[in-house]
Structure formats: C-alpha cells, structure tokens
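Everything on this sheet refers to the single structure shown next.
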Amino acid sequence: MLGFQLHVVQAQTERGIDEAFADLVQRQIGGLVIATDVFFNSRSEQLAALSVRHVVPAIYQYREFAAAGGLMSYGSSIAEMYRTVGTYVGRVLKGEKAADLPVQQSTKMELIINLKTAKALGLTVPLPLLGRAEEVIE
C-alpha cells in the first residue's frame, strides 16, 4: 500500500463540477484524476481553471485539458485513434466484415505537461518526467 486514500466525487452538471471542487478543497485532496466522460470532454477549460484556482493538481486523458491550463494529460493519441478508425473503415468499404476485424488497442500514449500550471500550483516537475513527455507547455 502506498498510503493513499481514494475519494470518488461525481458531477453531472456545471454546478456539480463547482460543488465537487468545493468538496475536494474541504477534504484537502492532494490530487485529482478526472475520468474520461463525454460531459467532461467539453469542459476542459472549466476543469482546468477550477483545478488551478483551488490548487488541486489534476490529470485527464486528453491533451486539450493540459492545453486549456490543466496540469497534465496522459492517454491515447487521438490522431492515432482516428488513423486506426480510418483503416477499419477502409477495410469494411473494401468488403471485409466488421465482425471479422481484430480488436485493437491504442499503442501510442501521450504525456503532456503544462509547466506554467505546475508553477502556479507550486510544483516542480522532475526532469526525468519532463524528458518522457511528448509535449511540454511553457
């Protein structure tokens, strides 16, 4: 065990997101992993702004979160996923049955770190982690 305690906070509305962050601050949560969700995907800027305002380091799956001011993102490359989908569509259009195509998982993962946000949160990102990032936003 690493000595961490897990708290699950849910939000289904913009107001719910605000309330969730208020709960995180009250509990003095040291970090946040934001689950991938269609609702959250369209609210990267709100999530990033709240994480900085409330000094809660957060990570999300998609690059857009880090680009919007979130601390970091780590997940599948969206461009790679679209290429894979395009290949599948091409194979189906050439006559292959979709049910016969193999299931594929993304093999390219991207780590994006926002150093400006790290500085705003009072964090120092270790050099080895920076060296592994596909992109560092300054």
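Every chain in the structure tokens takes a letter, A first, then B, and so on in the order presented; its residues are numbered from 1, and the ligands are numbered from 1 following the presented order.
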Which parts of stretch 11-69 of chain A does DSSP call helix (DSSP H, G or I) when run on the backbone here, written out as a PDB file with N, CA and C atoms, in the first residue's frame?
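The resulting file, part.pdb, is shown below:
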```pdb
ATOM      1  N   GLU A  14     -22.631  21.577 -14.709  1.00  0.00           N
ATOM      2  CA  GLU A  14     -21.572  22.555 -14.441  1.00  0.00           C
ATOM      3  C   GLU A  14     -21.555  22.932 -12.966  1.00  0.00           C
ATOM      4  N   ARG A  15     -22.721  23.100 -12.398  1.00  0.00           N
ATOM      5  CA  ARG A  15     -22.793  23.404 -10.962  1.00  0.00           C
ATOM      6  C   ARG A  15     -22.243  22.237 -10.136  1.00  0.00           C
ATOM      7  N   GLY A  16     -22.510  21.021 -10.597  1.00  0.00           N
ATOM      8  CA  GLY A  16     -21.989  19.844  -9.912  1.00  0.00           C
ATOM      9  C   GLY A  16     -20.469  19.807  -9.906  1.00  0.00           C
ATOM     10  N   ILE A  17     -19.860  20.304 -10.986  1.00  0.00           N
ATOM     11  CA  ILE A  17     -18.400  20.378 -11.039  1.00  0.00           C
ATOM     12  C   ILE A  17     -17.896  21.357  -9.984  1.00  0.00           C
ATOM     13  N   ASP A  18     -18.542  22.513  -9.897  1.00  0.00           N
ATOM     14  CA  ASP A  18     -18.161  23.501  -8.872  1.00  0.00           C
ATOM     15  C   ASP A  18     -18.290  22.905  -7.471  1.00  0.00           C
ATOM     16  N   GLU A  19     -19.377  22.195  -7.228  1.00  0.00           N
ATOM     17  CA  GLU A  19     -19.600  21.576  -5.916  1.00  0.00           C
ATOM     18  C   GLU A  19     -18.568  20.491  -5.636  1.00  0.00           C
ATOM     19  N   ALA A  20     -18.202  19.734  -6.669  1.00  0.00           N
ATOM     20  CA  ALA A  20     -17.203  18.678  -6.497  1.00  0.00           C
ATOM     21  C   ALA A  20     -15.859  19.277  -6.092  1.00  0.00           C
ATOM     22  N   PHE A  21     -15.479  20.373  -6.725  1.00  0.00           N
ATOM     23  CA  PHE A  21     -14.210  21.018  -6.362  1.00  0.00           C
ATOM     24  C   PHE A  21     -14.267  21.584  -4.949  1.00  0.00           C
ATOM     25  N   ALA A  22     -15.409  22.133  -4.554  1.00  0.00           N
ATOM     26  CA  ALA A  22     -15.554  22.629  -3.180  1.00  0.00           C
ATOM     27  C   ALA A  22     -15.363  21.478  -2.195  1.00  0.00           C
ATOM     28  N   ASP A  23     -15.896  20.307  -2.540  1.00  0.00           N
ATOM     29  CA  ASP A  23     -15.745  19.123  -1.693  1.00  0.00           C
ATOM     30  C   ASP A  23     -14.277  18.693  -1.626  1.00  0.00           C
ATOM     31  N   LEU A  24     -13.583  18.732  -2.773  1.00  0.00           N
ATOM     32  CA  LEU A  24     -12.165  18.358  -2.802  1.00  0.00           C
ATOM     33  C   LEU A  24     -11.332  19.271  -1.904  1.00  0.00           C
ATOM     34  N   VAL A  25     -11.635  20.567  -1.963  1.00  0.00           N
ATOM     35  CA  VAL A  25     -10.899  21.533  -1.143  1.00  0.00           C
ATOM     36  C   VAL A  25     -11.179  21.286   0.335  1.00  0.00           C
ATOM     37  N   GLN A  26     -12.436  21.046   0.666  1.00  0.00           N
ATOM     38  CA  GLN A  26     -12.810  20.799   2.063  1.00  0.00           C
ATOM     39  C   GLN A  26     -12.102  19.557   2.601  1.00  0.00           C
ATOM     40  N   VAL A  38     -17.924  12.031 -21.711  1.00  0.00           N
ATOM     41  CA  VAL A  38     -18.364  12.962 -22.747  1.00  0.00           C
ATOM     42  C   VAL A  38     -18.666  14.331 -22.148  1.00  0.00           C
ATOM     43  N   PHE A  39     -19.299  14.350 -20.998  1.00  0.00           N
ATOM     44  CA  PHE A  39     -19.620  15.617 -20.321  1.00  0.00           C
ATOM     45  C   PHE A  39     -18.348  16.379 -19.988  1.00  0.00           C
ATOM     46  N   PHE A  40     -17.351  15.701 -19.439  1.00  0.00           N
ATOM     47  CA  PHE A  40     -16.104  16.356 -19.058  1.00  0.00           C
ATOM     48  C   PHE A  40     -15.278  16.784 -20.281  1.00  0.00           C
ATOM     49  N   ASN A  41     -15.374  16.011 -21.372  1.00  0.00           N
ATOM     50  CA  ASN A  41     -14.605  16.334 -22.577  1.00  0.00           C
ATOM     51  C   ASN A  41     -14.885  17.749 -23.066  1.00  0.00           C
ATOM     52  N   SER A  44     -13.128  21.044 -20.599  1.00  0.00           N
ATOM     53  CA  SER A  44     -11.699  21.063 -20.252  1.00  0.00           C
ATOM     54  C   SER A  44     -11.281  22.380 -19.633  1.00  0.00           C
ATOM     55  N   GLU A  45     -11.739  23.486 -20.203  1.00  0.00           N
ATOM     56  CA  GLU A  45     -11.343  24.797 -19.685  1.00  0.00           C
ATOM     57  C   GLU A  45     -11.864  25.022 -18.273  1.00  0.00           C
ATOM     58  N   GLN A  46     -13.115  24.659 -18.022  1.00  0.00           N
ATOM     59  CA  GLN A  46     -13.695  24.815 -16.681  1.00  0.00           C
ATOM     60  C   GLN A  46     -12.937  23.948 -15.682  1.00  0.00           C
ATOM     61  N   LEU A  47     -12.678  22.705 -16.033  1.00  0.00           N
ATOM     62  CA  LEU A  47     -11.981  21.790 -15.131  1.00  0.00           C
ATOM     63  C   LEU A  47     -10.559  22.280 -14.845  1.00  0.00           C
ATOM     64  N   ALA A  48      -9.869  22.741 -15.884  1.00  0.00           N
ATOM     65  CA  ALA A  48      -8.508  23.230 -15.706  1.00  0.00           C
ATOM     66  C   ALA A  48      -8.492  24.472 -14.818  1.00  0.00           C
ATOM     67  N   ALA A  49      -9.409  25.407 -15.083  1.00  0.00           N
ATOM     68  CA  ALA A  49      -9.454  26.649 -14.292  1.00  0.00           C
ATOM     69  C   ALA A  49      -9.752  26.359 -12.827  1.00  0.00           C
ATOM     70  N   LEU A  50     -10.675  25.465 -12.567  1.00  0.00           N
ATOM     71  CA  LEU A  50     -11.018  25.134 -11.182  1.00  0.00           C
ATOM     72  C   LEU A  50      -9.866  24.427 -10.472  1.00  0.00           C
ATOM     73  N   SER A  51      -9.160  23.556 -11.199  1.00  0.00           N
ATOM     74  CA  SER A  51      -8.047  22.845 -10.557  1.00  0.00           C
ATOM     75  C   SER A  51      -6.937  23.828 -10.164  1.00  0.00           C
ATOM     76  N   VAL A  52      -6.698  24.847 -10.988  1.00  0.00           N
ATOM     77  CA  VAL A  52      -5.680  25.846 -10.651  1.00  0.00           C
ATOM     78  C   VAL A  52      -6.189  26.763  -9.540  1.00  0.00           C
ATOM     79  N   ARG A  53      -7.419  27.234  -9.650  1.00  0.00           N
ATOM     80  CA  ARG A  53      -7.986  28.149  -8.646  1.00  0.00           C
ATOM     81  C   ARG A  53      -7.989  27.523  -7.269  1.00  0.00           C
ATOM     82  N   ARG A  63      -5.212  15.679 -24.350  1.00  0.00           N
ATOM     83  CA  ARG A  63      -4.310  16.804 -24.459  1.00  0.00           C
ATOM     84  C   ARG A  63      -5.014  18.137 -24.240  1.00  0.00           C
ATOM     85  N   GLU A  64      -6.252  18.258 -24.677  1.00  0.00           N
ATOM     86  CA  GLU A  64      -6.996  19.505 -24.578  1.00  0.00           C
ATOM     87  C   GLU A  64      -7.054  20.027 -23.142  1.00  0.00           C
ATOM     88  N   PHE A  65      -7.059  19.131 -22.173  1.00  0.00           N
ATOM     89  CA  PHE A  65      -7.090  19.539 -20.771  1.00  0.00           C
ATOM     90  C   PHE A  65      -5.819  20.297 -20.403  1.00  0.00           C
ATOM     91  N   ALA A  66      -4.661  19.740 -20.743  1.00  0.00           N
ATOM     92  CA  ALA A  66      -3.393  20.410 -20.443  1.00  0.00           C
ATOM     93  C   ALA A  66      -3.270  21.695 -21.258  1.00  0.00           C
ATOM     94  N   ALA A  67      -3.719  21.677 -22.492  1.00  0.00           N
ATOM     95  CA  ALA A  67      -3.667  22.881 -23.329  1.00  0.00           C
ATOM     96  C   ALA A  67      -4.574  23.980 -22.779  1.00  0.00           C
TER      97      ALA A  67
END
```
Using only C-alpha atoms, what table do you get, as JSON lines, when you list each residue of stretch 43-70 of chain A with an atom no more than 7 Å from stretch 117-138 of chain A, its nearest pair of atoms, and their distance in Å rounded to one decimal, rows by chain then rising number?
```
{"residue": "A:Val52", "atom": "CA", "partner": "A:Leu121", "partner_atom": "CA", "distance": 6.6}
{"residue": "A:Val55", "atom": "CA", "partner": "A:Leu121", "partner_atom": "CA", "distance": 5.7}
{"residue": "A:Gly69", "atom": "CA", "partner": "A:Thr117", "partner_atom": "CA", "distance": 6.2}
{"residue": "A:Gly70", "atom": "CA", "partner": "A:Thr117", "partner_atom": "CA", "distance": 6.6}
```
To one decimal in Å, tell me the separation between atom CA of A:Arg27 and atom CA of A:Asn114.
->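 Interatomic distance, atom CA of A:Arg27 to atom CA of A:Asn114: 25.0 Å.
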Close residues, A:Lys108 itself excluded, 8 Å, only C-alpha atoms, min 4 positions apart in chain, as a PyMOL selection string = chain A and resi 76-77+80
Those same residues - N, CA, C and O atoms - I'd like them written as a PDB file, in the first residue's frame.
```
ATOM      1  N   SER A  76      -4.313   7.975 -24.716  1.00  0.00           N
ATOM      2  CA  SER A  76      -4.135   7.581 -26.109  1.00  0.00           C
ATOM      3  C   SER A  76      -4.066   8.803 -27.005  1.00  0.00           C
ATOM      4  O   SER A  76      -4.715   9.812 -26.758  1.00  0.00           O
ATOM      5  N   SER A  77      -3.319   8.668 -28.052  1.00  0.00           N
ATOM      6  CA  SER A  77      -3.230   9.713 -29.059  1.00  0.00           C
ATOM      7  C   SER A  77      -4.522   9.719 -29.871  1.00  0.00           C
ATOM      8  O   SER A  77      -4.877   8.709 -30.495  1.00  0.00           O
ATOM      9  N   GLU A  80      -3.866   9.040 -33.494  1.00  0.00           N
ATOM     10  CA  GLU A  80      -3.628   7.609 -33.741  1.00  0.00           C
ATOM     11  C   GLU A  80      -4.942   6.832 -33.755  1.00  0.00           C
ATOM     12  O   GLU A  80      -5.141   5.937 -34.583  1.00  0.00           O
TER      13      GLU A  80
END
```
Which of A:Ala11, A:Ile112, A:Leu71, A:Ala58 sits closest to A:Ile34 [using only C-alpha atoms] |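 Once distances to A:Ile34 are computed over only C-alpha atoms, the minimum belongs to A:Ala58.
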Interatomic distance, atom CA of A:Gly75 to atom CA of A:Ser42 (Å, one decimal) |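 Distance between the two atoms: 16.6 Å.
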Of the candidates A:Gln5, A:Thr84, A:Gln104, A:Ser73, which shows the shortest atom-to-atom distance to A:Pro57, using only C-alpha atoms?
->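 Among the listed residues, A:Ser73 lies closest to A:Pro57.
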